[in-house]
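Chemist: I'd like to ask you about the structure that follows.
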Amino acid sequence: MLKFIRPKLLFTIFISLLIFLYIPNLKLQKISAQFISSPEVNALDDSLNNVSISSFVQSVFNYSQQLYGKPRIAVKKVNLRLHTTPLASLDNANQGEFTIYLSRKPSEYAFHGQLSHEIFHLLNAQLLDCYVEGLATVFAEKILTRNDLDWSGWETYFQQGSEPFYGLTYSMMKEVSETAGSANMSRLLEFAVDNKASKKWMHIDIDGWLSSMSDYVKIEVEKVINKYIYQVKPVVESKNNMFTCLAPGKN
């Protein structure tokens, strides 16, 4: 019977079938991005108790998941607190509670960049790793640019040699991101492994991540890492020795 169906009708059936198969998948992709659950945000300082700040935390955290995958531990509650040292801390894994400590107030220039950097760490607050620190700063740049906030002050700050660990790792991971591409970058955090000295902390298995790439991309990314890593390592060893910073082939 099929051989008697006119070609035009066959073409119409074929197009309809494609639409039927494709459109539901497209909708599912959009829904999955829209329905990432947002954590509760709890300000522990009056200056941080602001609806726009809470919304910023939730939207930035959701965007981090779209770029780099789900958090290692589900994030259900994020406390915000002012402190002398900025960091993201895992308070209670079972309850999914974290605290972001900030050294800058909302009225200060560096506030949104610092907050964005620490929000990235919610994806795995146990990682103390030079690659991850650099990527967190690259992510902060993405967020500021995406929200029409000024990033140039940070660029100047790093170019002047302020906080060389963060400046060098930012430059390294920005170039790594451009070379590796978004698909490879989205898998980086999947290669988190326990530190040998203490399973409380983790680092990136850089060789494992590189091995997951095509041969050509792996070679190019490794070239970029090697251009920076031997500048980063002395800085880590002198002032930032809580971070793991493994060169390729040195695991």
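Scheme for the structure tokens: letters A, B, ... for chains in order shown; per-chain residue numbers from 1; ligand numbers from 1 in order shown.
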If we count only C-alpha atoms, what is near Pro71 in chain A at a cut-off of 10 Å, once residues fewer than 5 positions away on the same chain are taken out, given as a list in words?
Modeler: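 Contacts, with the query itself left out: Phe61, Ser64, Gln65, Phe120, His121, Leu122, Leu123, Asn124, Ala125, Leu189 and Glu190 of chain A.
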Chemist: Which is closer to Ser198 in chain A than all the others in A:Ala180, A:Ala247, A:Leu128, A:Ile143, using only C-alpha atoms?
Modeler: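 Checking each candidate against Ser198 in chain A, we get A:Leu128 as the closest.
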Chemist: Could you tell me which of A:Phe98, A:Tyr157, A:Tyr131, A:Trp209 comes closest to Cys245 in chain A if we count only C-alpha atoms?
Modeler: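 Closest residue, counting only C-alpha atoms: A:Tyr131.
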Chemist: Each residue of range 137-225 of chain A with at least one atom at most 8 Å from range 114-118 of chain A should appear once, together with its nearest atom pair and the corresponding distance in Å (one decimal); atoms considered: only C-alpha atoms; ordering: chain, then increasing residue number; output as a tab-separated table.
Modeler:
residue	atom	partner	partner_atom	distance
A:Thr137	CA	A:His117	CA	5.5
A:Phe139	CA	A:His117	CA	6.7
A:Ala140	CA	A:Ser116	CA	4.9
A:Ile143	CA	A:Ser116	CA	6.9
Chemist: Considering only C-alpha atoms, state which residue in the set A:Thr169, A:Glu141, A:Ser52, A:Glu175 is at the smallest distance from Tyr230 in chain A.
Modeler: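 Checking each candidate against Tyr230 in chain A, we get A:Thr169 as the closest.
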Chemist: Applying 12 Å and only C-alpha atoms, which residues near Lys218 in chain A remain after dropping the ones on its own chain fewer than 5 positions away? List them as a compact mmCIF listing (two decimals) with N, CA, C and O atoms, in the first residue's frame.
Modeler:
# COMPACT_ATOMS: atom_id res chain seq x y z
N VAL A 176 41.88 28.30 29.78
CA VAL A 176 41.50 26.88 29.74
C VAL A 176 40.06 26.74 29.28
O VAL A 176 39.74 25.88 28.44
N THR A 179 39.71 27.28 25.61
CA THR A 179 40.35 26.22 24.82
C THR A 179 39.57 24.90 24.92
O THR A 179 39.40 24.20 23.92
N ALA A 180 39.12 24.58 26.12
CA ALA A 180 38.44 23.29 26.35
C ALA A 180 37.02 23.28 25.80
O ALA A 180 36.53 22.23 25.36
N GLY A 181 36.34 24.42 25.83
CA GLY A 181 34.95 24.47 25.39
C GLY A 181 33.98 24.16 26.51
O GLY A 181 34.34 23.54 27.52
N ASN A 184 33.37 20.35 27.88
CA ASN A 184 34.42 19.83 28.76
C ASN A 184 34.43 20.56 30.11
O ASN A 184 34.64 19.94 31.15
N ILE A 206 43.17 16.23 37.77
CA ILE A 206 43.35 16.95 36.50
C ILE A 206 43.68 16.00 35.36
O ILE A 206 43.23 16.21 34.22
N ASP A 207 44.42 14.93 35.64
CA ASP A 207 44.73 13.96 34.58
C ASP A 207 43.47 13.22 34.12
O ASP A 207 43.29 12.95 32.93
N GLY A 208 42.61 12.89 35.08
CA GLY A 208 41.35 12.23 34.73
C GLY A 208 40.50 13.11 33.84
O GLY A 208 39.91 12.64 32.85
N TRP A 209 40.43 14.41 34.18
CA TRP A 209 39.63 15.34 33.38
C TRP A 209 40.22 15.49 31.98
O TRP A 209 39.49 15.40 30.98
N LEU A 210 41.53 15.65 31.90
CA LEU A 210 42.17 15.80 30.59
C LEU A 210 41.96 14.55 29.72
O LEU A 210 41.74 14.65 28.51
N SER A 211 41.99 13.39 30.35
CA SER A 211 41.82 12.13 29.61
C SER A 211 40.41 11.95 29.06
O SER A 211 40.19 11.13 28.17
N SER A 212 39.47 12.72 29.57
CA SER A 212 38.08 12.61 29.10
C SER A 212 37.86 13.38 27.79
O SER A 212 36.80 13.28 27.19
N MET A 213 38.86 14.14 27.36
CA MET A 213 38.74 14.97 26.16
C MET A 213 39.25 14.24 24.93
O MET A 213 39.93 13.22 25.02
N LYS A 223 48.68 22.40 27.22
CA LYS A 223 49.63 23.47 26.92
C LYS A 223 49.30 24.74 27.71
O LYS A 223 50.19 25.41 28.26
N VAL A 224 48.02 25.06 27.77
CA VAL A 224 47.59 26.25 28.51
C VAL A 224 47.90 26.09 29.99
O VAL A 224 48.46 27.00 30.63
N ILE A 225 47.54 24.95 30.56
CA ILE A 225 47.80 24.71 31.98
C ILE A 225 49.29 24.83 32.29
O ILE A 225 49.69 25.51 33.25
N PRO A 248 49.56 18.61 35.37
CA PRO A 248 49.26 17.39 34.61
C PRO A 248 50.42 16.40 34.67
O PRO A 248 51.59 16.78 34.58
Chemist: Mind the document's chain letters and residue numbers, and return as a PyMOL selection string the residues of range 95-220 of chain A that DSSP labels strand (DSSP E).
Modeler: chain A and resi 97-102+192-194+202-204
Chemist: Taking into account only C-alpha atoms, which residue in the set A:Phe111, A:Leu44, A:Val57, A:Ser38 is nearest to Val75 in chain A?
Modeler: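 The shortest atom-to-atom distance to Val75 in chain A comes from A:Ser38.
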